[in-house]
file start04.txt (compact mmCIF, N, CA and C atoms and all ligand atoms)
# COMPACT_ATOMS: atom_id res chain seq x y z
N CYS A 1 117.41 121.26 80.61
CA CYS A 1 117.20 122.25 81.68
C CYS A 1 117.88 121.71 82.93
N VAL A 2 118.29 122.61 83.78
CA VAL A 2 119.00 122.17 84.98
C VAL A 2 117.97 121.87 86.07
N LEU A 3 118.09 120.65 86.66
CA LEU A 3 117.12 120.29 87.71
C LEU A 3 117.46 121.06 89.00
N LYS A 4 116.40 121.64 89.60
CA LYS A 4 116.64 122.28 90.91
C LYS A 4 116.89 121.18 91.94
N ALA A 5 117.53 121.52 93.01
CA ALA A 5 117.85 120.52 94.06
C ALA A 5 116.57 119.78 94.46
N SER A 6 115.48 120.51 94.57
CA SER A 6 114.24 119.86 95.06
C SER A 6 113.74 118.85 94.04
N GLN A 7 114.07 119.09 92.74
CA GLN A 7 113.56 118.16 91.71
C GLN A 7 114.49 116.95 91.55
N LYS A 8 115.72 117.08 92.08
CA LYS A 8 116.71 116.01 91.87
C LYS A 8 116.27 114.79 92.68
N ARG A 9 115.92 113.70 91.96
CA ARG A 9 115.46 112.51 92.68
C ARG A 9 116.67 111.67 93.06
N ARG A 10 116.60 111.09 94.25
CA ARG A 10 117.67 110.19 94.66
C ARG A 10 117.59 108.96 93.74
N PRO A 11 118.74 108.40 93.39
CA PRO A 11 118.74 107.24 92.48
C PRO A 11 117.81 106.12 92.97
N LEU A 12 117.82 105.83 94.27
CA LEU A 12 116.96 104.76 94.79
C LEU A 12 115.50 105.14 94.56
N SER A 13 115.13 106.38 94.80
CA SER A 13 113.73 106.80 94.61
C SER A 13 113.31 106.63 93.16
N ARG A 14 114.21 106.98 92.24
CA ARG A 14 113.85 106.85 90.82
C ARG A 14 113.63 105.38 90.46
N LEU A 15 114.48 104.54 91.00
CA LEU A 15 114.34 103.09 90.72
C LEU A 15 113.02 102.59 91.31
N LEU A 16 112.74 102.93 92.56
CA LEU A 16 111.53 102.43 93.21
C LEU A 16 110.28 102.92 92.51
N GLU A 17 110.31 104.18 92.01
CA GLU A 17 109.13 104.69 91.30
C GLU A 17 108.90 103.89 90.02
N GLN A 18 109.98 103.50 89.35
CA GLN A 18 109.86 102.72 88.12
C GLN A 18 109.31 101.33 88.45
N LEU A 19 109.84 100.72 89.49
CA LEU A 19 109.36 99.38 89.89
C LEU A 19 107.90 99.46 90.30
N LEU A 20 107.53 100.54 91.02
CA LEU A 20 106.13 100.69 91.46
C LEU A 20 105.20 100.80 90.25
N ARG A 21 105.60 101.59 89.26
CA ARG A 21 104.75 101.73 88.06
C ARG A 21 104.53 100.37 87.39
N ASN A 22 105.58 99.57 87.33
CA ASN A 22 105.45 98.25 86.71
C ASN A 22 104.52 97.34 87.51
N LEU A 23 104.57 97.47 88.83
CA LEU A 23 103.69 96.63 89.67
C LEU A 23 102.24 97.08 89.55
N GLU A 24 102.04 98.41 89.51
CA GLU A 24 100.68 98.94 89.42
C GLU A 24 99.97 98.50 88.14
N LYS A 25 100.77 98.31 87.07
CA LYS A 25 100.17 97.86 85.79
C LYS A 25 99.51 96.49 85.95
N ARG A 26 99.97 95.72 86.94
CA ARG A 26 99.45 94.36 87.15
C ARG A 26 98.24 94.36 88.07
N ASP A 27 97.75 95.56 88.37
CA ASP A 27 96.53 95.69 89.20
C ASP A 27 95.52 96.52 88.43
N PRO A 28 95.03 96.01 87.27
CA PRO A 28 94.17 96.81 86.39
C PRO A 28 92.87 97.24 87.07
N ASN A 29 92.37 96.39 88.01
CA ASN A 29 91.12 96.75 88.70
C ASN A 29 91.36 97.76 89.82
N GLN A 30 92.65 98.07 90.06
CA GLN A 30 92.99 99.05 91.11
C GLN A 30 92.48 98.61 92.49
N PHE A 31 92.48 97.29 92.72
CA PHE A 31 92.12 96.79 94.05
C PHE A 31 93.17 97.17 95.09
N PHE A 32 94.40 97.44 94.63
CA PHE A 32 95.51 97.71 95.53
C PHE A 32 95.97 99.16 95.45
N ALA A 33 95.19 99.99 94.72
CA ALA A 33 95.62 101.37 94.47
C ALA A 33 95.48 102.26 95.70
N TRP A 34 94.49 101.97 96.55
CA TRP A 34 94.17 102.83 97.70
C TRP A 34 93.95 101.98 98.93
N PRO A 35 94.03 102.61 100.13
CA PRO A 35 93.78 101.83 101.34
C PRO A 35 92.39 101.17 101.30
N VAL A 36 92.30 99.93 101.81
CA VAL A 36 91.01 99.24 101.84
C VAL A 36 90.11 99.93 102.86
N ASN A 37 88.86 100.14 102.46
CA ASN A 37 87.91 100.89 103.27
C ASN A 37 87.03 99.92 104.07
N ASP A 38 87.00 100.12 105.40
CA ASP A 38 86.20 99.22 106.26
C ASP A 38 84.73 99.14 105.82
N ASN A 39 84.25 100.19 105.17
CA ASN A 39 82.83 100.15 104.76
C ASN A 39 82.61 99.08 103.69
N PHE A 40 83.65 98.81 102.88
CA PHE A 40 83.53 97.78 101.84
C PHE A 40 84.11 96.46 102.32
N ALA A 41 84.89 96.52 103.41
CA ALA A 41 85.54 95.30 103.91
C ALA A 41 85.31 95.25 105.42
N PRO A 42 84.17 94.71 105.82
CA PRO A 42 83.81 94.71 107.24
C PRO A 42 84.91 94.14 108.14
N GLY A 43 85.26 94.91 109.18
CA GLY A 43 86.24 94.44 110.16
C GLY A 43 87.68 94.47 109.69
N TYR A 44 87.90 95.08 108.52
CA TYR A 44 89.25 95.03 107.94
C TYR A 44 90.31 95.57 108.90
N SER A 45 90.04 96.73 109.50
CA SER A 45 91.08 97.37 110.32
C SER A 45 91.32 96.64 111.64
N THR A 46 90.43 95.71 112.00
CA THR A 46 90.72 94.92 113.21
C THR A 46 91.49 93.66 112.84
N ILE A 47 91.27 93.15 111.63
CA ILE A 47 91.94 91.91 111.19
C ILE A 47 93.35 92.22 110.67
N ILE A 48 93.47 93.33 109.92
CA ILE A 48 94.77 93.69 109.31
C ILE A 48 95.41 94.82 110.12
N ARG A 49 96.51 94.45 110.82
CA ARG A 49 97.14 95.40 111.74
C ARG A 49 97.98 96.43 111.00
N ARG A 50 98.59 96.00 109.88
CA ARG A 50 99.47 96.92 109.13
C ARG A 50 98.99 96.99 107.69
N PRO A 51 97.98 97.84 107.45
CA PRO A 51 97.48 97.96 106.07
C PRO A 51 98.57 98.53 105.15
N MET A 52 98.51 98.20 103.88
CA MET A 52 99.45 98.73 102.90
C MET A 52 98.77 98.73 101.53
N ASP A 53 99.09 99.74 100.71
CA ASP A 53 98.53 99.84 99.36
C ASP A 53 99.50 100.64 98.51
N PHE A 54 99.27 100.68 97.20
CA PHE A 54 100.22 101.33 96.30
C PHE A 54 100.35 102.84 96.58
N SER A 55 99.24 103.50 96.95
CA SER A 55 99.34 104.96 97.19
C SER A 55 100.21 105.25 98.41
N THR A 56 100.14 104.38 99.40
CA THR A 56 100.98 104.55 100.61
C THR A 56 102.45 104.29 100.27
N ILE A 57 102.69 103.28 99.44
CA ILE A 57 104.07 103.00 99.00
C ILE A 57 104.63 104.20 98.23
N LYS A 58 103.79 104.77 97.36
CA LYS A 58 104.23 105.94 96.58
C LYS A 58 104.60 107.10 97.50
N GLN A 59 103.77 107.32 98.51
CA GLN A 59 104.03 108.41 99.46
C GLN A 59 105.33 108.14 100.22
N LYS A 60 105.57 106.89 100.57
CA LYS A 60 106.81 106.56 101.30
C LYS A 60 108.04 106.77 100.42
N ILE A 61 107.89 106.50 99.11
CA ILE A 61 109.00 106.78 98.19
C ILE A 61 109.27 108.29 98.18
N ASP A 62 108.20 109.06 98.01
CA ASP A 62 108.34 110.53 97.93
C ASP A 62 108.92 111.10 99.23
N ASP A 63 108.63 110.45 100.36
CA ASP A 63 109.15 110.92 101.65
C ASP A 63 110.51 110.31 101.99
N ASN A 64 111.08 109.60 100.98
CA ASN A 64 112.39 108.95 101.18
C ASN A 64 112.42 108.04 102.40
N GLU A 65 111.33 107.34 102.64
CA GLU A 65 111.26 106.44 103.81
C GLU A 65 111.92 105.10 103.53
N TYR A 66 112.08 104.76 102.24
CA TYR A 66 112.70 103.46 101.93
C TYR A 66 114.21 103.64 101.87
N LYS A 67 114.90 102.91 102.73
CA LYS A 67 116.37 103.02 102.73
C LYS A 67 117.01 101.94 101.87
N SER A 68 116.16 100.98 101.46
CA SER A 68 116.72 99.92 100.61
C SER A 68 115.61 99.34 99.75
N LEU A 69 116.02 98.60 98.74
CA LEU A 69 115.05 97.91 97.88
C LEU A 69 114.28 96.88 98.70
N ASN A 70 114.96 96.23 99.63
CA ASN A 70 114.29 95.19 100.43
C ASN A 70 113.13 95.74 101.25
N CYS A 71 113.28 96.98 101.73
CA CYS A 71 112.17 97.58 102.51
C CYS A 71 110.96 97.79 101.60
N PHE A 72 111.22 98.18 100.37
CA PHE A 72 110.15 98.37 99.37
C PHE A 72 109.47 97.04 99.08
N ILE A 73 110.29 96.00 98.88
CA ILE A 73 109.75 94.66 98.57
C ILE A 73 108.93 94.15 99.76
N SER A 74 109.38 94.44 100.98
CA SER A 74 108.63 94.01 102.17
C SER A 74 107.23 94.63 102.20
N ASP A 75 107.12 95.90 101.85
CA ASP A 75 105.79 96.54 101.84
C ASP A 75 104.92 95.96 100.73
N PHE A 76 105.53 95.63 99.60
CA PHE A 76 104.75 95.02 98.50
C PHE A 76 104.21 93.66 98.96
N LYS A 77 105.07 92.87 99.60
CA LYS A 77 104.63 91.55 100.11
C LYS A 77 103.55 91.71 101.18
N LEU A 78 103.73 92.70 102.07
CA LEU A 78 102.75 92.96 103.14
C LEU A 78 101.38 93.24 102.52
N MET A 79 101.37 94.08 101.51
CA MET A 79 100.12 94.46 100.83
C MET A 79 99.41 93.22 100.28
N CYS A 80 100.15 92.36 99.61
CA CYS A 80 99.56 91.14 99.01
C CYS A 80 99.14 90.15 100.09
N ASN A 81 99.98 89.97 101.09
CA ASN A 81 99.65 89.00 102.16
C ASN A 81 98.46 89.46 102.99
N ASN A 82 98.32 90.78 103.21
CA ASN A 82 97.12 91.29 103.88
C ASN A 82 95.86 90.84 103.15
N ALA A 83 95.89 90.97 101.83
CA ALA A 83 94.71 90.63 101.02
C ALA A 83 94.43 89.13 101.06
N MET A 84 95.50 88.33 101.14
CA MET A 84 95.30 86.88 101.19
C MET A 84 94.91 86.42 102.59
N LYS A 85 95.13 87.32 103.58
CA LYS A 85 94.72 86.99 104.95
C LYS A 85 93.24 87.35 105.15
N TYR A 86 92.88 88.57 104.72
CA TYR A 86 91.51 89.05 104.98
C TYR A 86 90.49 88.35 104.08
N ASN A 87 90.83 88.18 102.81
CA ASN A 87 89.89 87.62 101.82
C ASN A 87 90.05 86.11 101.71
N LYS A 88 88.93 85.41 101.72
CA LYS A 88 88.98 83.94 101.66
C LYS A 88 89.52 83.48 100.29
N PRO A 89 90.22 82.34 100.29
CA PRO A 89 90.63 81.79 98.99
C PRO A 89 89.42 81.65 98.06
N GLY A 90 89.63 81.91 96.76
CA GLY A 90 88.52 81.81 95.81
C GLY A 90 87.86 83.16 95.55
N THR A 91 88.05 84.12 96.47
CA THR A 91 87.46 85.45 96.20
C THR A 91 88.32 86.17 95.16
N VAL A 92 87.68 87.16 94.51
CA VAL A 92 88.40 87.90 93.45
C VAL A 92 89.64 88.59 94.02
N TYR A 93 89.54 89.01 95.30
CA TYR A 93 90.68 89.75 95.88
C TYR A 93 91.81 88.83 96.29
N HIS A 94 91.46 87.66 96.82
CA HIS A 94 92.50 86.69 97.20
C HIS A 94 93.26 86.23 95.95
N LYS A 95 92.51 85.94 94.89
CA LYS A 95 93.14 85.49 93.64
C LYS A 95 94.00 86.60 93.04
N ALA A 96 93.50 87.83 93.09
CA ALA A 96 94.26 88.97 92.52
C ALA A 96 95.55 89.17 93.30
N ALA A 97 95.48 89.01 94.63
CA ALA A 97 96.67 89.22 95.47
C ALA A 97 97.71 88.14 95.22
N LYS A 98 97.23 86.90 95.11
CA LYS A 98 98.16 85.77 94.90
C LYS A 98 98.89 85.96 93.57
N ARG A 99 98.11 86.35 92.55
CA ARG A 99 98.68 86.55 91.21
C ARG A 99 99.65 87.72 91.21
N LEU A 100 99.24 88.84 91.85
CA LEU A 100 100.09 90.04 91.88
C LEU A 100 101.40 89.74 92.60
N LEU A 101 101.32 89.01 93.71
CA LEU A 101 102.54 88.67 94.48
C LEU A 101 103.50 87.86 93.61
N HIS A 102 102.94 86.87 92.93
CA HIS A 102 103.79 85.99 92.10
C HIS A 102 104.46 86.78 90.98
N ILE A 103 103.64 87.56 90.26
CA ILE A 103 104.17 88.34 89.14
C ILE A 103 105.15 89.40 89.63
N GLY A 104 104.79 90.05 90.73
CA GLY A 104 105.63 91.12 91.26
C GLY A 104 106.99 90.63 91.69
N LEU A 105 107.03 89.53 92.43
CA LEU A 105 108.32 89.01 92.91
C LEU A 105 109.19 88.54 91.75
N ARG A 106 108.53 88.08 90.68
CA ARG A 106 109.30 87.65 89.51
C ARG A 106 109.99 88.85 88.87
N GLN A 107 109.34 90.03 88.98
CA GLN A 107 109.94 91.25 88.42
C GLN A 107 111.06 91.77 89.31
N LEU A 108 111.09 91.32 90.56
CA LEU A 108 112.02 91.90 91.54
C LEU A 108 113.18 90.96 91.85
N THR A 109 113.43 90.00 90.95
CA THR A 109 114.54 89.07 91.21
C THR A 109 115.86 89.78 90.86
N PRO A 110 116.98 89.34 91.47
CA PRO A 110 118.28 89.96 91.16
C PRO A 110 118.57 89.95 89.66
N GLN A 111 118.19 88.84 89.00
CA GLN A 111 118.48 88.76 87.55
C GLN A 111 117.79 89.90 86.81
N LYS A 112 116.55 90.19 87.20
CA LYS A 112 115.80 91.25 86.51
C LYS A 112 116.33 92.63 86.91
N LEU A 113 116.86 92.71 88.14
CA LEU A 113 117.24 94.04 88.64
C LEU A 113 118.69 94.38 88.30
N ARG A 114 119.52 93.33 88.06
CA ARG A 114 120.95 93.60 87.85
C ARG A 114 121.17 94.62 86.73
N PRO A 115 120.41 94.51 85.60
CA PRO A 115 120.63 95.49 84.52
C PRO A 115 120.46 96.94 84.98
N LEU A 116 119.81 97.14 86.12
CA LEU A 116 119.57 98.52 86.58
C LEU A 116 120.81 99.07 87.26
N GLY A 117 121.84 98.23 87.34
CA GLY A 117 123.15 98.78 87.70
C GLY A 117 123.45 98.70 89.18
N ALA A 118 124.61 99.26 89.50
CA ALA A 118 125.21 99.10 90.83
C ALA A 118 124.37 99.79 91.91
N ILE A 119 123.31 100.51 91.50
CA ILE A 119 122.54 101.27 92.49
C ILE A 119 122.13 100.38 93.66
N LEU A 120 122.01 99.05 93.37
CA LEU A 120 121.45 98.19 94.42
C LEU A 120 122.51 97.73 95.41
N THR A 121 123.78 98.03 95.08
CA THR A 121 124.80 97.49 95.99
C THR A 121 124.79 98.31 97.29
C1 LIG A 201 91.02 99.84 97.17
O1 LIG A 201 90.22 98.70 97.40
C2 LIG A 201 89.25 98.40 96.47
C3 LIG A 201 88.86 99.30 95.47
C4 LIG A 201 87.88 98.95 94.56
C5 LIG A 201 87.27 97.72 94.66
C6 LIG A 201 86.24 97.34 93.65
O2 LIG A 201 86.11 97.98 92.61
N1 LIG A 201 85.51 96.23 93.88
C7 LIG A 201 84.54 95.82 92.88
C8 LIG A 201 84.87 94.46 92.29
C9 LIG A 201 83.55 93.93 92.85
C10 LIG A 201 83.28 95.28 93.49
C11 LIG A 201 87.64 96.82 95.66
C12 LIG A 201 88.62 97.15 96.57
C13 LIG A 201 89.05 96.18 97.56
C14 LIG A 201 90.35 95.79 97.75
C15 LIG A 201 90.36 94.83 98.73
C16 LIG A 201 91.53 94.18 99.24
C17 LIG A 201 92.84 94.50 98.59
O3 LIG A 201 91.47 93.39 100.18
N2 LIG A 201 89.08 94.60 99.15
C18 LIG A 201 88.59 93.73 100.09
C19 LIG A 201 87.22 93.73 100.28
C20 LIG A 201 86.40 94.58 99.54
N3 LIG A 201 86.91 95.44 98.62
C21 LIG A 201 88.26 95.43 98.44
call {"tool": "encode", "arguments": {"input": "start04.txt", "output": "structure tokens", "more": "lines below"}}
Ligand SMILES: COc1ccc(C(=O)NC2CCC2)cc1-c1cc(C(C)=O)n2cccnc12
result
Amino acid sequence: CVLKASQKRRPLSRLLEQLLRNLEKRDPNQFFAWPVNDNFAPGYSTIIRRPMDFSTIKQKIDDNEYKSLNCFISDFKLMCNNAMKYNKPGTVYHKAAKRLLHIGLRQLTPQKLRPLGAILT
């Protein structure tokens, strides 16, 4: 079927959506799926100045706000670092963030991304 202009995804958006899906799989408890709620995380919005989560990243992809892969990677790092800042080491969230950051960045290395073609140039 012929894709309508509105359905035609920009190559970068298609790549970022694929990378996002792979990262989300590494968050089975969905701790990073939605914005952190101050009711469950006392003082969160005063401690974390720039909150970030997977649903916000998805919305930014859909709104074509990412102009490069690096901007996408920066938001992923921000999301993980926020969790390691707010949550004390040893907590389930700090450990999940540290693990997610490590696994995620390993998926986002040039060696892993090169097979996806010249889109990144
Ligand atoms: C979208 O955020 C969440 C969604 C669900 C849960 C959750 O199911 N927590 C249960 C595990 C023990 C209660 C936790 C969180 C959560 C993430 C976070 C992060 C990412 O800092 N957080 C911090 C303090 C308290 N709760 C959370």
call {"tool": "closest_atom_pairs", "arguments": {"input": "start04.txt", "of": "chain A", "to": "ligand LIG 201 (chain A)", "cutoff": "6 Å", "atoms": "only N, CA and C atoms and all ligand atoms", "output": "JSON lines"}}
result
{"residue": "A:Asn29", "atom": "C", "partner": "A:LIG201", "partner_atom": "O2", "distance": 5.9}
{"residue": "A:Gln30", "atom": "C", "partner": "A:LIG201", "partner_atom": "C3", "distance": 4.7}
{"residue": "A:Phe31", "atom": "C", "partner": "A:LIG201", "partner_atom": "C1", "distance": 4.0}
{"residue": "A:Phe32", "atom": "N", "partner": "A:LIG201", "partner_atom": "C1", "distance": 4.9}
{"residue": "A:Ala33", "atom": "N", "partner": "A:LIG201", "partner_atom": "C1", "distance": 4.8}
{"residue": "A:Trp34", "atom": "C", "partner": "A:LIG201", "partner_atom": "C1", "distance": 4.0}
{"residue": "A:Pro35", "atom": "C", "partner": "A:LIG201", "partner_atom": "C1", "distance": 4.6}
{"residue": "A:Val36", "atom": "CA", "partner": "A:LIG201", "partner_atom": "O1", "distance": 4.5}
{"residue": "A:Asn37", "atom": "N", "partner": "A:LIG201", "partner_atom": "O1", "distance": 5.4}
{"residue": "A:Phe40", "atom": "C", "partner": "A:LIG201", "partner_atom": "C20", "distance": 4.1}
{"residue": "A:Ala41", "atom": "CA", "partner": "A:LIG201", "partner_atom": "C19", "distance": 4.3}
{"residue": "A:Asn82", "atom": "C", "partner": "A:LIG201", "partner_atom": "O3", "distance": 5.9}
{"residue": "A:Ala83", "atom": "CA", "partner": "A:LIG201", "partner_atom": "O3", "distance": 4.3}
{"residue": "A:Asn87", "atom": "N", "partner": "A:LIG201", "partner_atom": "O3", "distance": 5.9}
{"residue": "A:Tyr93", "atom": "CA", "partner": "A:LIG201", "partner_atom": "C16", "distance": 5.6}
call {"tool": "atom_distance", "arguments": {"input": "start04.txt", "atom1": "atom C of Gln107 (chain A)", "atom2": "CA of Leu19 (chain A)"}}
result
7.8 Å
call {"tool": "select_by_dssp", "arguments": {"input": "start04.txt", "residues": "chain A", "states": "helix (DSSP H, G or I)", "output": "number ranges by chain"}}
result
A: 5-7, 11-24, 44-47, 54-62, 69-86, 92-107, 110-116, 118-120
call {"tool": "atom_distance", "arguments": {"input": "start04.txt", "atom1": "CA of Leu78 (chain A)", "atom2": "CA of Asp53 (chain A)"}}
result
8.9 Å
call {"tool": "atom_distance", "arguments": {"input": "start04.txt", "atom1": "atom C of Asp63 (chain A)", "atom2": "CA of Arg50 (chain A)"}}
result
18.8 Å
call {"tool": "closest_residue", "arguments": {"input": "start04.txt", "among": "A:Lys112, A:Arg9, A:Arg26, A:Arg21", "to": "Arg99 (chain A)", "atoms": "all atoms listed in the file"}}
result
A:Arg26
call {"tool": "closest_residue", "arguments": {"input": "start04.txt", "among": "A:Ser55, A:Ser74, A:Thr109, A:Thr46", "to": "Tyr86 (chain A)", "atoms": "only C-alpha atoms"}}
result
A:Thr46
call {"tool": "axis_aligned_box", "arguments": {"input": "start04.txt", "around": "region 34-49 of chain A", "padding_each_side": "3 Å", "output": "lines of an AutoDock Vina configuration file"}}
result
center_x = 90.3
center_y = 97.4
center_z = 104.9
size_x = 21.4
size_y = 16.9
size_z = 22.7
call {"tool": "build_atoms", "arguments": {"input": "start04.txt", "residues": "region 27-37 of chain A", "atoms": "all heavy atoms", "output": "short mmCIF file (atom, residue, chain, number, x, y, z; two decimals), in the coordinates of the input"}}
result
data_model
loop_
_atom_site.label_atom_id
_atom_site.label_comp_id
_atom_site.auth_asym_id
_atom_site.auth_seq_id
_atom_site.Cartn_x
_atom_site.Cartn_y
_atom_site.Cartn_z
N ASP A 27 97.75 95.56 88.37
CA ASP A 27 96.53 95.69 89.20
C ASP A 27 95.52 96.52 88.43
O ASP A 27 95.15 97.62 88.83
CB ASP A 27 96.89 96.35 90.55
CG ASP A 27 95.67 96.65 91.41
OD1 ASP A 27 94.69 95.86 91.35
OD2 ASP A 27 95.69 97.69 92.12
N PRO A 28 95.03 96.01 87.27
CA PRO A 28 94.17 96.81 86.39
C PRO A 28 92.87 97.24 87.07
O PRO A 28 92.33 98.29 86.78
CB PRO A 28 93.91 95.89 85.19
CG PRO A 28 94.23 94.52 85.66
CD PRO A 28 95.25 94.64 86.74
N ASN A 29 92.37 96.39 88.01
CA ASN A 29 91.12 96.75 88.70
C ASN A 29 91.36 97.76 89.82
O ASN A 29 90.42 98.20 90.47
CB ASN A 29 90.47 95.50 89.30
CG ASN A 29 90.05 94.51 88.21
OD1 ASN A 29 89.27 94.84 87.33
ND2 ASN A 29 90.60 93.31 88.25
N GLN A 30 92.65 98.07 90.06
CA GLN A 30 92.99 99.05 91.11
C GLN A 30 92.48 98.61 92.49
O GLN A 30 92.11 99.44 93.32
CB GLN A 30 92.45 100.44 90.73
CG GLN A 30 93.13 100.98 89.46
CD GLN A 30 93.12 102.48 89.39
OE1 GLN A 30 92.08 103.10 89.59
NE2 GLN A 30 94.30 103.06 89.18
N PHE A 31 92.48 97.29 92.72
CA PHE A 31 92.12 96.79 94.05
C PHE A 31 93.17 97.17 95.09
O PHE A 31 92.90 97.20 96.28
CB PHE A 31 92.01 95.26 94.03
CG PHE A 31 90.88 94.72 93.20
CD1 PHE A 31 90.94 93.45 92.66
CD2 PHE A 31 89.74 95.49 92.96
CE1 PHE A 31 89.89 92.93 91.89
CE2 PHE A 31 88.68 94.99 92.20
CZ PHE A 31 88.76 93.71 91.67
N PHE A 32 94.40 97.44 94.63
CA PHE A 32 95.51 97.71 95.53
C PHE A 32 95.97 99.16 95.45
O PHE A 32 96.99 99.54 96.02
CB PHE A 32 96.67 96.75 95.23
CG PHE A 32 96.28 95.30 95.38
CD1 PHE A 32 95.82 94.58 94.28
CD2 PHE A 32 96.31 94.68 96.62
CE1 PHE A 32 95.41 93.25 94.41
CE2 PHE A 32 95.91 93.35 96.76
CZ PHE A 32 95.45 92.65 95.65
N ALA A 33 95.19 99.99 94.72
CA ALA A 33 95.62 101.37 94.47
C ALA A 33 95.48 102.26 95.70
O ALA A 33 96.25 103.19 95.89
CB ALA A 33 94.81 101.94 93.31
N TRP A 34 94.49 101.97 96.55
CA TRP A 34 94.17 102.83 97.70
C TRP A 34 93.95 101.98 98.93
O TRP A 34 93.69 100.79 98.81
CB TRP A 34 92.89 103.67 97.41
CG TRP A 34 92.96 104.37 96.11
CD1 TRP A 34 92.32 104.05 94.95
CD2 TRP A 34 93.78 105.51 95.80
NE1 TRP A 34 92.69 104.90 93.94
CE2 TRP A 34 93.57 105.83 94.43
CE3 TRP A 34 94.66 106.31 96.54
CZ2 TRP A 34 94.22 106.88 93.79
CZ3 TRP A 34 95.31 107.36 95.90
CH2 TRP A 34 95.08 107.64 94.55
N PRO A 35 94.03 102.61 100.13
CA PRO A 35 93.78 101.83 101.34
C PRO A 35 92.39 101.17 101.30
O PRO A 35 91.44 101.75 100.79
CB PRO A 35 93.85 102.88 102.45
CG PRO A 35 94.70 103.98 101.90
CD PRO A 35 94.41 104.00 100.42
N VAL A 36 92.30 99.93 101.81
CA VAL A 36 91.01 99.24 101.84
C VAL A 36 90.11 99.93 102.86
O VAL A 36 90.53 100.25 103.95
CB VAL A 36 91.20 97.76 102.21
CG1 VAL A 36 89.87 97.03 102.28
CG2 VAL A 36 92.11 97.08 101.18
N ASN A 37 88.86 100.14 102.46
CA ASN A 37 87.91 100.89 103.27
C ASN A 37 87.03 99.92 104.07
O ASN A 37 86.39 99.04 103.51
CB ASN A 37 87.04 101.72 102.30
CG ASN A 37 86.11 102.64 103.04
OD1 ASN A 37 85.55 102.25 104.09
ND2 ASN A 37 85.94 103.84 102.53
#
